[in-house]
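Visitor: Pasting final.cif here (mmCIF, C-alpha atoms):
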```cif
data_query
#
loop_
_atom_site.label_atom_id
_atom_site.label_comp_id
_atom_site.auth_asym_id
_atom_site.auth_seq_id
_atom_site.Cartn_x
_atom_site.Cartn_y
_atom_site.Cartn_z
CA MET V 1 276.07 -54.58 104.57
CA LYS V 2 278.06 -56.42 101.91
CA SER V 3 279.67 -53.46 100.15
CA LEU V 4 283.16 -52.64 101.40
CA ARG V 5 282.79 -49.09 100.11
CA ALA V 6 279.50 -48.52 101.93
CA ARG V 7 280.88 -50.11 105.08
CA LEU V 8 283.88 -47.79 105.12
CA LEU V 9 281.68 -44.76 104.54
CA LEU V 10 279.32 -45.79 107.34
CA PHE V 11 282.18 -46.37 109.77
CA LEU V 12 283.79 -43.07 108.83
CA LEU V 13 280.52 -41.18 109.31
CA ALA V 14 280.03 -42.86 112.69
CA ALA V 15 283.62 -41.97 113.66
CA ILE V 16 283.08 -38.32 112.61
CA VAL V 17 279.84 -38.07 114.57
CA LEU V 18 281.43 -39.70 117.61
CA ALA V 19 284.52 -37.47 117.43
CA ALA V 20 282.36 -34.35 117.00
CA GLY V 21 280.19 -35.37 119.95
CA VAL V 22 283.19 -36.02 122.19
CA GLN V 23 284.84 -32.77 121.12
CA GLY V 24 281.60 -30.80 121.68
CA PHE V 25 281.12 -32.34 125.12
CA VAL V 26 284.73 -31.65 126.14
CA ALA V 27 284.49 -28.09 124.80
CA TYR V 28 281.22 -27.52 126.66
CA ARG V 29 282.59 -28.78 129.96
CA THR V 30 285.83 -26.83 129.54
CA VAL V 31 284.07 -23.55 128.68
CA LEU V 32 281.58 -24.01 131.49
CA GLN V 33 284.37 -24.59 133.99
CA GLU V 34 286.27 -21.55 132.80
CA ALA V 35 283.08 -19.44 132.81
CA ASP V 36 282.40 -20.48 136.40
CA GLN V 37 285.85 -19.37 137.43
CA ILE V 38 285.65 -16.05 135.57
CA PHE V 39 282.14 -15.11 136.68
CA ASP V 40 282.72 -16.25 140.26
CA TYR V 41 285.77 -13.99 140.37
CA HIS V 42 283.75 -11.12 138.84
CA MET V 43 280.94 -11.60 141.40
CA GLN V 44 283.46 -11.61 144.22
CA GLN V 45 285.10 -8.40 142.99
CA MET V 46 281.69 -6.73 142.60
CA ALA V 47 280.73 -7.60 146.17
CA LEU V 48 284.04 -6.27 147.48
CA SER V 49 283.53 -3.02 145.59
CA LEU V 50 280.07 -2.60 147.14
CA ARG V 51 281.45 -3.16 150.62
CA ALA V 52 282.70 0.44 150.66
CA GLY V 53 279.12 1.64 150.33
CA LEU V 54 279.27 2.72 146.68
CA PRO V 55 275.72 3.13 145.34
CA PRO V 56 275.03 0.44 142.72
CA SER V 57 273.11 1.13 139.57
CA ALA V 58 269.62 -0.21 139.00
CA ALA V 59 270.99 -3.07 136.98
CA VAL V 60 274.54 -4.30 137.18
CA SER V 61 276.05 -5.70 133.94
CA GLY V 62 278.58 -8.46 133.90
CA LEU V 63 280.93 -9.91 131.33
CA GLY V 64 279.52 -10.52 127.87
CA ASP V 65 280.65 -11.72 124.43
CA GLY V 66 279.42 -8.68 122.50
CA GLU V 67 276.11 -10.32 121.58
CA GLU V 68 274.51 -11.05 124.94
CA ASN V 69 274.61 -9.30 128.32
CA ILE V 70 275.19 -11.34 131.45
CA GLU V 71 273.23 -9.65 134.25
CA PHE V 72 274.08 -9.84 137.91
CA VAL V 73 271.49 -9.42 140.66
CA VAL V 74 272.63 -7.44 143.72
CA GLN V 75 270.89 -7.30 147.09
CA VAL V 76 272.06 -5.50 150.23
CA TRP V 77 270.82 -6.31 153.75
CA THR V 78 271.36 -4.82 157.13
CA LEU V 79 272.62 -7.00 159.93
CA ASP V 80 269.13 -7.16 161.44
CA GLY V 81 267.71 -8.61 158.19
CA GLN V 82 266.25 -5.53 156.52
CA ARG V 83 266.80 -5.37 152.75
CA ILE V 84 267.90 -1.86 151.81
CA PHE V 85 268.73 -2.44 148.14
CA GLU V 86 268.00 -4.83 145.26
CA SER V 87 268.93 -4.41 141.62
CA ALA V 88 266.18 -6.75 140.33
CA ALA V 89 263.10 -7.29 142.43
CA GLN V 90 261.94 -10.23 140.31
CA ALA V 91 264.90 -12.31 141.39
CA ALA V 92 263.37 -12.97 144.84
CA LEU V 93 266.54 -14.34 146.41
CA PRO V 94 266.17 -15.81 149.90
CA GLN V 95 266.66 -13.52 152.87
CA ARG V 96 268.94 -15.93 154.66
CA ALA V 97 272.41 -15.62 153.21
CA VAL V 98 275.15 -18.27 153.26
CA LEU V 99 278.49 -16.52 153.34
CA GLY V 100 280.67 -17.34 150.35
CA PHE V 101 279.48 -19.11 147.23
CA SER V 102 276.29 -21.18 147.09
CA ASN V 103 273.65 -22.34 144.58
CA VAL V 104 270.07 -21.26 145.21
CA ARG V 105 266.84 -22.38 143.54
CA ALA V 106 264.48 -19.46 142.77
CA ARG V 107 261.77 -18.82 140.17
CA GLY V 108 262.29 -22.17 138.49
CA THR V 109 266.02 -21.72 137.89
CA THR V 110 269.32 -21.95 139.74
CA TYR V 111 271.30 -18.89 140.83
CA ARG V 112 274.94 -18.74 141.70
CA VAL V 113 275.12 -16.54 144.81
CA PHE V 114 278.10 -14.90 146.55
CA SER V 115 277.42 -13.42 149.99
CA LEU V 116 279.76 -11.07 151.86
CA GLN V 117 279.30 -9.58 155.33
CA SER V 118 280.80 -6.26 156.32
CA ARG V 119 280.57 -4.52 159.69
CA THR V 120 277.10 -3.11 158.93
CA LEU V 121 275.82 -4.88 155.78
CA VAL V 122 275.34 -8.23 154.09
CA ILE V 123 275.92 -8.01 150.35
CA GLN V 124 274.65 -10.66 147.87
CA VAL V 125 275.64 -10.86 144.22
CA ALA V 126 273.81 -13.52 142.16
CA GLN V 127 273.75 -14.73 138.57
CA ASP V 128 271.42 -17.08 136.73
CA MET V 129 273.35 -20.28 135.90
CA ALA V 130 271.41 -20.66 132.64
CA ALA V 131 273.39 -17.75 131.21
CA ARG V 132 276.64 -19.62 131.80
CA ARG V 133 275.28 -22.81 130.29
CA ASN V 134 273.99 -20.96 127.25
CA MET V 135 277.35 -19.33 126.66
CA ALA V 136 279.19 -22.67 127.06
CA GLY V 137 276.75 -24.39 124.68
CA THR V 138 277.18 -21.62 122.07
CA LEU V 139 280.96 -21.91 122.14
CA ALA V 140 280.83 -25.73 122.00
CA LEU V 141 278.50 -25.57 119.02
CA ARG V 142 280.89 -23.22 117.24
CA THR V 143 283.66 -25.75 117.87
CA VAL V 144 281.68 -28.64 116.38
CA ALA V 145 280.27 -26.68 113.42
CA PRO V 146 283.46 -26.88 111.24
CA ILE V 147 283.55 -30.67 111.68
CA ALA V 148 279.92 -30.97 110.64
CA LEU V 149 280.56 -28.82 107.58
CA ALA V 150 283.67 -30.84 106.63
CA ALA V 151 281.98 -34.24 107.05
CA PRO V 152 280.40 -34.31 103.52
CA LEU V 153 283.73 -33.34 102.00
CA LEU V 154 285.47 -36.11 103.96
CA MET V 155 282.84 -38.57 102.77
CA LEU V 156 283.49 -37.62 99.15
CA VAL V 157 287.26 -37.94 99.65
CA VAL V 158 286.88 -41.37 101.23
CA TRP V 159 284.53 -42.49 98.45
CA TRP V 160 287.10 -41.44 95.85
CA VAL V 161 290.04 -43.03 97.71
CA VAL V 162 288.19 -46.31 98.27
CA SER V 163 287.04 -46.44 94.65
CA ARG V 164 290.59 -45.87 93.42
CA SER V 165 291.96 -48.46 95.86
CA LEU V 166 289.42 -51.09 94.80
CA ALA V 167 289.99 -50.52 91.08
CA PRO V 168 292.60 -53.38 90.87
CA VAL V 169 290.08 -55.70 92.55
CA ALA V 170 287.48 -54.77 89.94
CA ARG V 171 290.09 -55.43 87.25
CA VAL V 172 290.74 -58.93 88.65
CA ARG V 173 287.01 -59.58 88.79
CA SER V 174 286.66 -58.56 85.15
CA GLN V 175 289.56 -60.82 84.14
CA VAL V 176 288.04 -63.82 85.89
CA ALA V 177 284.54 -63.09 84.58
CA ALA V 178 285.78 -62.86 80.98
CA ARG V 179 287.61 -66.21 81.05
CA GLN V 180 286.59 -69.35 79.29
CA ALA V 181 285.91 -72.47 81.33
CA ASP V 182 289.22 -74.08 80.28
CA ASP V 183 291.38 -70.99 80.90
CA LEU V 184 293.23 -71.68 84.16
CA SER V 185 296.20 -69.36 83.60
CA PRO V 186 297.28 -67.26 86.62
CA VAL V 187 295.60 -63.93 87.30
CA SER V 188 297.90 -60.91 87.25
CA GLU V 189 298.88 -59.78 90.76
CA GLY V 190 300.39 -56.46 89.64
CA GLY V 191 299.12 -53.31 91.31
CA LEU V 192 297.03 -55.13 93.90
CA PRO V 193 296.90 -53.88 97.51
CA GLU V 194 298.75 -55.90 100.10
CA GLU V 195 295.44 -56.94 101.68
CA VAL V 196 294.11 -58.38 98.39
CA ARG V 197 297.29 -59.84 96.87
CA PRO V 198 297.32 -62.96 99.16
CA LEU V 199 293.74 -63.75 98.09
CA VAL V 200 294.65 -63.54 94.38
CA HIS V 201 297.83 -65.55 95.05
CA GLU V 202 295.80 -68.34 96.66
CA LEU V 203 293.37 -68.16 93.75
CA ASN V 204 296.26 -68.70 91.34
CA LEU V 205 297.44 -71.67 93.40
CA LEU V 206 293.92 -73.08 93.19
CA PHE V 207 293.95 -72.59 89.42
CA GLY V 208 297.24 -74.49 89.31
CA ARG V 209 295.84 -77.42 91.28
CA VAL V 210 292.71 -77.56 89.14
CA HIS V 211 294.86 -77.39 85.99
CA ARG V 212 296.95 -80.34 87.18
CA ALA V 213 293.79 -82.27 88.00
CA PHE V 214 292.41 -81.57 84.51
CA GLU V 215 295.68 -82.62 82.91
CA ALA V 216 295.72 -85.83 84.92
CA GLN V 217 292.15 -86.52 83.84
CA LYS V 218 292.97 -85.89 80.17
CA HIS V 219 296.01 -88.15 80.37
CA PHE V 220 293.94 -90.85 82.04
CA VAL V 221 291.26 -90.68 79.35
CA ALA V 222 293.87 -90.76 76.57
CA ASP V 223 295.74 -93.65 78.17
CA ALA V 224 292.53 -95.58 78.81
CA ALA V 225 291.39 -95.14 75.20
CA HIS V 226 294.78 -96.30 73.95
CA GLU V 227 295.48 -99.19 76.30
CA LEU V 228 291.99 -100.69 76.59
CA ARG V 229 291.66 -101.05 72.83
CA SER V 230 294.04 -104.04 72.61
CA PRO V 231 292.66 -106.05 75.59
CA LEU V 232 289.09 -105.55 74.41
CA ALA V 233 290.01 -106.62 70.89
CA ALA V 234 291.73 -109.70 72.33
CA LEU V 235 288.65 -110.54 74.42
CA LYS V 236 286.49 -110.26 71.33
CA LEU V 237 288.75 -112.68 69.43
CA GLN V 238 288.70 -115.11 72.34
CA VAL V 239 284.90 -115.00 72.45
CA GLN V 240 284.82 -115.72 68.72
CA GLY V 241 287.23 -118.61 69.29
CA LEU V 242 284.90 -119.94 71.98
CA GLN V 243 281.97 -119.73 69.59
CA ARG V 244 283.89 -121.68 66.91
CA ALA V 245 284.99 -124.43 69.30
CA HIS V 246 283.65 -127.82 68.15
CA ASP V 247 284.57 -130.08 71.05
CA ALA V 248 284.92 -129.89 74.81
CA ALA V 249 288.72 -129.63 74.76
CA ALA V 250 288.63 -126.65 72.40
CA ARG V 251 285.94 -125.00 74.46
CA ASP V 252 287.90 -125.51 77.67
CA LEU V 253 290.99 -123.97 76.05
CA ALA V 254 288.97 -121.00 74.74
CA VAL V 255 287.30 -120.49 78.14
CA GLY V 256 290.71 -120.54 79.85
CA ARG V 257 292.10 -117.99 77.43
CA LEU V 258 288.99 -115.84 77.84
CA ALA V 259 289.24 -115.97 81.64
CA ALA V 260 292.94 -115.04 81.49
CA GLY V 261 292.11 -112.17 79.15
CA ILE V 262 289.39 -110.92 81.50
CA ASP V 263 291.84 -111.12 84.43
CA ARG V 264 294.43 -109.11 82.49
CA ALA V 265 291.83 -106.49 81.48
CA THR V 266 290.55 -106.30 85.07
CA ARG V 267 294.09 -105.87 86.36
CA LEU V 268 294.75 -103.15 83.78
CA VAL V 269 291.59 -101.25 84.73
CA GLU V 270 292.43 -101.55 88.44
CA GLN V 271 295.94 -100.25 87.87
CA MET V 272 294.70 -97.34 85.74
CA LEU V 273 292.10 -96.40 88.32
CA ALA V 274 294.70 -96.58 91.09
CA LEU V 275 297.04 -94.32 89.13
CA ALA V 276 294.25 -91.82 88.41
CA ARG V 277 293.15 -91.85 92.05
CA HIS V 278 296.62 -91.12 93.39
CA GLU V 279 297.29 -88.41 90.83
CA ALA V 280 293.96 -86.80 91.74
CA SER V 281 294.77 -86.92 95.46
CA SER V 282 298.14 -85.33 94.73
CA ALA V 283 296.49 -82.51 92.76
CA ALA V 284 293.91 -81.99 95.53
CA GLY V 285 296.64 -81.51 98.14
CA VAL V 286 295.42 -84.05 100.72
CA PRO V 287 297.35 -83.31 103.97
CA PRO V 288 299.86 -86.03 105.04
CA GLU V 289 300.05 -87.70 108.44
CA TRP V 290 302.54 -89.84 110.34
CA VAL V 291 302.58 -93.40 108.98
CA ASP V 292 304.34 -96.49 110.38
CA LEU V 293 306.05 -98.25 107.45
CA ARG V 294 306.12 -101.53 109.41
CA GLU V 295 302.32 -101.54 109.53
CA VAL V 296 302.20 -100.63 105.83
CA ALA V 297 304.56 -103.53 105.07
CA ARG V 298 302.38 -106.00 107.01
CA LEU V 299 299.26 -104.87 105.12
CA ALA V 300 301.02 -105.09 101.74
CA LEU V 301 302.32 -108.58 102.61
CA SER V 302 298.79 -109.73 103.38
CA ASP V 303 297.80 -108.61 99.85
CA ALA V 304 300.70 -110.38 98.12
CA ILE V 305 301.10 -113.51 100.23
CA ALA V 306 298.62 -115.60 98.25
CA GLY V 307 300.43 -115.12 94.93
CA ALA V 308 303.79 -115.76 96.57
CA GLN V 309 302.63 -119.00 98.21
CA ALA V 310 301.20 -120.21 94.91
CA ARG V 311 304.71 -120.01 93.45
CA ARG V 312 306.49 -121.17 96.62
CA ILE V 313 308.29 -117.80 97.02
CA ASP V 314 309.73 -116.90 100.41
CA ILE V 315 308.42 -113.36 101.07
CA GLY V 316 308.68 -111.36 104.26
CA ILE V 317 310.18 -108.46 106.19
CA ALA V 318 313.86 -109.12 106.54
CA ASP V 319 314.69 -106.07 108.62
CA ALA V 320 312.71 -103.15 110.04
CA GLU V 321 314.11 -100.60 112.48
CA ALA V 322 311.42 -99.31 114.82
CA ASP V 323 312.98 -95.87 115.28
CA ALA V 324 313.13 -95.23 111.51
CA ALA V 325 309.75 -96.61 110.44
CA ARG V 326 307.66 -93.42 110.79
CA VAL V 327 307.32 -91.13 107.78
CA ARG V 328 304.97 -88.33 106.76
CA GLY V 329 302.50 -89.52 104.13
CA ARG V 330 299.21 -91.27 103.35
CA GLN V 331 298.92 -94.88 104.48
CA ASP V 332 296.62 -96.09 101.68
CA ALA V 333 298.90 -94.67 99.01
CA LEU V 334 302.02 -96.19 100.62
CA ARG V 335 300.26 -99.54 100.88
CA THR V 336 299.47 -99.39 97.15
CA LEU V 337 303.09 -98.46 96.41
CA LEU V 338 304.52 -101.40 98.36
CA ARG V 339 301.88 -103.82 97.03
CA ASN V 340 302.86 -102.95 93.45
CA LEU V 341 306.53 -103.50 94.23
CA LEU V 342 305.75 -106.87 95.80
CA ASP V 343 303.49 -107.88 92.87
CA ASN V 344 306.27 -107.09 90.39
CA ALA V 345 308.83 -108.95 92.49
CA VAL V 346 306.60 -112.02 92.83
CA LYS V 347 305.70 -111.94 89.14
CA TYR V 348 309.29 -111.94 87.87
CA THR V 349 310.92 -114.08 90.57
CA PRO V 350 311.25 -117.77 89.63
CA GLU V 351 309.39 -120.39 91.65
CA GLY V 352 311.09 -121.13 94.93
CA GLY V 353 312.74 -117.67 94.96
CA ARG V 354 312.87 -115.01 97.61
CA VAL V 355 311.52 -111.46 98.13
CA ASP V 356 312.67 -109.32 101.07
CA ILE V 357 311.44 -106.02 102.54
CA ARG V 358 313.85 -103.85 104.52
CA ILE V 359 313.17 -100.64 106.47
CA ALA V 360 316.19 -98.83 107.86
CA ARG V 361 317.70 -95.43 108.62
CA GLN V 362 320.29 -94.40 106.07
CA GLY V 363 322.12 -91.06 106.15
CA GLY V 364 319.35 -89.01 107.81
CA ALA V 365 316.54 -90.56 105.72
CA THR V 366 314.19 -93.54 106.04
CA GLU V 367 314.88 -96.16 103.36
CA LEU V 368 312.29 -98.72 102.23
CA THR V 369 313.81 -101.48 100.08
CA VAL V 370 312.28 -104.40 98.14
CA GLU V 371 314.73 -107.01 96.78
CA ASP V 372 314.10 -110.20 94.87
CA SER V 373 316.04 -113.13 93.45
CA GLY V 374 314.66 -112.70 89.93
CA PRO V 375 316.52 -111.89 86.71
CA GLY V 376 316.72 -108.15 87.45
CA LEU V 377 316.70 -105.41 84.84
CA PRO V 378 319.35 -104.23 82.41
CA ALA V 379 320.73 -100.80 83.32
CA ALA V 380 319.36 -99.32 80.09
CA GLU V 381 315.77 -100.15 81.03
CA ARG V 382 315.79 -99.08 84.68
CA GLU V 383 314.59 -95.59 83.86
CA ARG V 384 312.14 -96.58 81.13
CA VAL V 385 310.20 -98.99 83.33
CA LEU V 386 308.91 -96.00 85.26
CA ASP V 387 307.03 -94.81 82.17
CA ARG V 388 303.37 -95.70 81.77
CA PHE V 389 302.55 -98.87 79.85
CA TYR V 390 306.19 -99.76 79.28
CA ARG V 391 306.93 -103.47 79.68
CA ALA V 392 310.49 -104.60 80.10
CA GLY V 393 311.66 -107.36 77.78
CA GLU V 394 309.28 -108.66 75.15
CA PRO V 395 306.03 -106.86 74.30
CA GLN V 396 304.18 -109.98 75.40
CA ALA V 397 305.62 -109.68 78.90
CA PRO V 398 303.00 -110.08 81.64
CA GLY V 399 301.46 -107.05 83.28
CA SER V 400 300.06 -103.73 82.19
CA GLY V 401 303.17 -101.59 82.47
CA LEU V 402 301.56 -99.42 85.16
CA GLY V 403 302.88 -100.92 88.39
CA LEU V 404 306.14 -98.98 88.59
CA ALA V 405 304.49 -95.87 87.10
CA ILE V 406 302.13 -95.91 90.10
CA VAL V 407 305.11 -96.41 92.42
CA LYS V 408 306.83 -93.40 90.84
CA SER V 409 303.69 -91.25 91.16
CA ILE V 410 303.21 -92.09 94.87
CA ALA V 411 306.92 -91.62 95.59
CA ASP V 412 306.80 -88.15 94.02
CA GLN V 413 303.75 -87.29 96.18
CA HIS V 414 305.74 -88.13 99.30
CA GLY V 415 308.95 -86.43 98.22
CA ALA V 416 310.74 -89.80 98.21
CA GLN V 417 313.75 -90.58 96.02
CA LEU V 418 313.23 -93.74 93.90
CA ASP V 419 316.25 -95.81 92.91
CA ILE V 420 316.25 -99.03 90.85
CA GLY V 421 319.36 -101.14 90.86
CA HIS V 422 320.95 -104.58 91.32
CA SER V 423 320.43 -106.52 94.56
CA GLU V 424 323.79 -107.58 95.98
CA ALA V 425 322.12 -109.83 98.56
CA LEU V 426 319.66 -111.75 96.35
CA GLY V 427 321.04 -111.17 92.86
CA GLY V 428 317.84 -109.79 91.35
CA LEU V 429 316.21 -106.37 91.28
CA ARG V 430 316.52 -103.88 94.11
CA VAL V 431 314.01 -100.98 94.39
CA ALA V 432 314.80 -98.46 97.14
CA LEU V 433 312.80 -95.43 98.27
CA ARG V 434 314.40 -92.79 100.49
CA PHE V 435 311.88 -90.76 102.49
CA PRO V 436 312.97 -87.46 104.05
CA TYR V 437 313.21 -87.94 107.81
#
```
Could the structure of this file be written out as structure tokens, please?
Guide:
Amino acid sequence: MKSLRARLLLFLLAAIVLAAGVQGFVAYRTVLQEADQIFDYHMQQMALSLRAGLPPSAAVSGLGDGEENIEFVVQVWTLDGQRIFESAAQAALPQRAVLGFSNVRARGTTYRVFSLQSRTLVIQVAQDMAARRNMAGTLALRTVAPIALAAPLLMLVVWWVVSRSLAPVARVRSQVAARQADDLSPVSEGGLPEEVRPLVHELNLLFGRVHRAFEAQKHFVADAAHELRSPLAALKLQVQGLQRAHDAAARDLAVGRLAAGIDRATRLVEQMLALARHEASSAAGVPPEWVDLREVARLALSDAIAGAQARRIDIGIADAEADAARVRGRQDALRTLLRNLLDNAVKYTPEGGRVDIRIARQGGATELTVEDSGPGLPAAERERVLDRFYRAGEPQAPGSGLGLAIVKSIADQHGAQLDIGHSEALGGLRVALRFPY
């Protein structure tokens, strides 16, 4: 049963039926117990009154409710076993009497019998137990009848209350159904029940994440269309130059320029894809885990060591504190972050220079630092280099302008504070990231 309204109605009907059944059973047992006490007392008093030898009537009437007559059967015996009186011959009670109260089977039913012995007589007063059960059942039925009559009214009331309570849910459903595919604005949470509001709140959070993912995708497409135009145009010119080459030297020069252009375009595409991938993972809310920054540094060094050796640059981990190396994050993303920092440092550090990685605990936070002995950056450009496709210095500067933008994106995902400054130790650029401990 998928309908909440129908489920509530079914459960309510079952609860009403169960409550009515329990109440009827309790009422029946209570009335039957009280009837046993009352009629037993009445039988006992009748037998005591007959002990004085008062002549009974042909039929002795007991207590009634105004609509039915509860008959008692009276038999009187002498001490030698001779029956001298019976009020109803068809009762056929046994001749052997058990003094006091007892239950006797006769004529297919059960009689409640009270026997009393005087000095000369044995008196029996009996009553059919079915009369007591019928009276108890009638009273129990009268107790349950009002509940049965009120059940349809309760069902209507519950139907109305549930319909009114679910009206805000229907309103939310209508709002969502009427939306366009690109409408990811939050759904109104006003007037919603407390049980439904968390669901709508989570739905709004989902809309927010999807909206950020769409925005990241649109930015990526716009950036790709803008930035790939120039490298592709340059590759086309270099191919034309290769076609116009007349000798081997010219062809070799054109092939070298074409290969360099392809490498730059490949690097640009890789950087753009890396940026899009990390922005998408941030929008998707991938859960973080504990990461050892020393292991991340070793992996990033293995990626950058070839370029550093080609330029005779001393690159390595200068300092790493074991107790401060664990942070909450994603290892692949942190490896990409550190690899981009090392690539930038190697690219701008002169041959024979130095690049150091430091991991330490600073003021309650874990600090990851990359320093180089390159020319550094003017203070005015230290903020702008974090923008996409911005190249410090001349427009012809090497690179795609995405390396530090990727670093900034990953740092924001991890809640890390990014600081770019001057390296006091090596004289070049110092990039520090402070991770919350």
Visitor: Between atom CA of Leu50 of chain V and atom CA of Gln124 of chain V, what is the spacing in Å?
Guide: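 A separation of 9.7 Å between them.
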Visitor: Between atom CA of Phe101 of chain V and atom CA of Val113 of chain V, what distance in Å does the model show, to one decimal?
Guide: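 It comes out at 5.6 Å.
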Visitor: Please evaluate the PyMOL selection byres ((chain V and resi 125-139) around 7) against the displayed coordinates and give the resulting residues as a PyMOL selection string.
Guide: chain V and resi 28+31-32+35+43+47+70-75+110-115+123-124+140-143
Visitor: For the structure provided, state which residues fall under the PyMOL selection byres ((chain V and resi 355) around 12), and present them as an NGL selection string.
Guide: :V and (301 or 304-305 or 308-309 or 311-318 or 341-354 or 356-358 or 369-374 or 423 or 425-431)
Visitor: Interatomic distance between atom CA of Val291 of chain V and atom CA of Glu215 of chain V?
Guide: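 Computing it gives 29.0 Å between the two atoms.
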Visitor: Considering all atoms listed in the file, state which residue in the set V:Arg328, V:Arg434, V:Ala379, V:Val269 is at the smallest distance from Arg361 of chain V.
Guide: V:Arg434
Visitor: Using only C-alpha atoms, can you tell me which of V:Asp36, V:Asp247, V:Asp80, V:Asp419 comes closest to Val407 of chain V?
Guide: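 Distance minimum relative to Val407 of chain V lands on V:Asp419.
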Visitor: Excluding Val17 of chain V and its own-chain neighbours fewer than 4 positions away, which residues fall within 12 Å of it when counting only C-alpha atoms? Please give them as number ranges by chain.
Guide: V: 10-13, 21-24, 144-145, 147-152
Visitor: Give me, as a list in words, all polymer residues having an atom no more than 10 Å from Ile84 of chain V, counting only C-alpha atoms and skipping those fewer than 3 positions away in the same chain.
Guide: Gln75, Val76, Trp77, Thr78, Gly81 and Leu121 of chain V
Visitor: Go ahead and save the residues from that selection, with C-alpha atoms, as a PDB file, in the frame of the given file.
Guide:
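Result file again.pdb:
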```
ATOM      1  CA  GLN V  75     270.890  -7.300 147.090  1.00  0.00           C
ATOM      2  CA  VAL V  76     272.060  -5.500 150.230  1.00  0.00           C
ATOM      3  CA  TRP V  77     270.820  -6.310 153.750  1.00  0.00           C
ATOM      4  CA  THR V  78     271.360  -4.820 157.130  1.00  0.00           C
ATOM      5  CA  GLY V  81     267.710  -8.610 158.190  1.00  0.00           C
ATOM      6  CA  LEU V 121     275.820  -4.880 155.780  1.00  0.00           C
TER       7      LEU V 121
END
```
Visitor: Could you list, as a list of chain:residue names, every residue matched by the PyMOL selection byres ((chain V and resi 364) around 10) in this structure?
Guide: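 Evaluating the PyMOL selection byres ((chain V and resi 364) around 10) on this file yields V:Ala324, V:Arg361, V:Gln362, V:Gly363, V:Ala365, V:Thr366, V:Glu367, V:Arg434, V:Phe435, V:Pro436, V:Tyr437.
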Visitor: Give me the residues near Val200 of chain V as a list in words, where near means some atom within 12 Å (using all atoms listed in the file) and where sequence neighbours in that chain fewer than 6 positions away do not count.
Guide: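 Neighbouring residues, sequence-local ones excluded: Pro168, Val169, Arg171, Val172, Arg173, Gln175, Val176, Pro186, Val187, Ser188, Glu189, Gly190, Gly191, Leu192, Pro193, Glu194, Leu206 and Phe207 of chain V.
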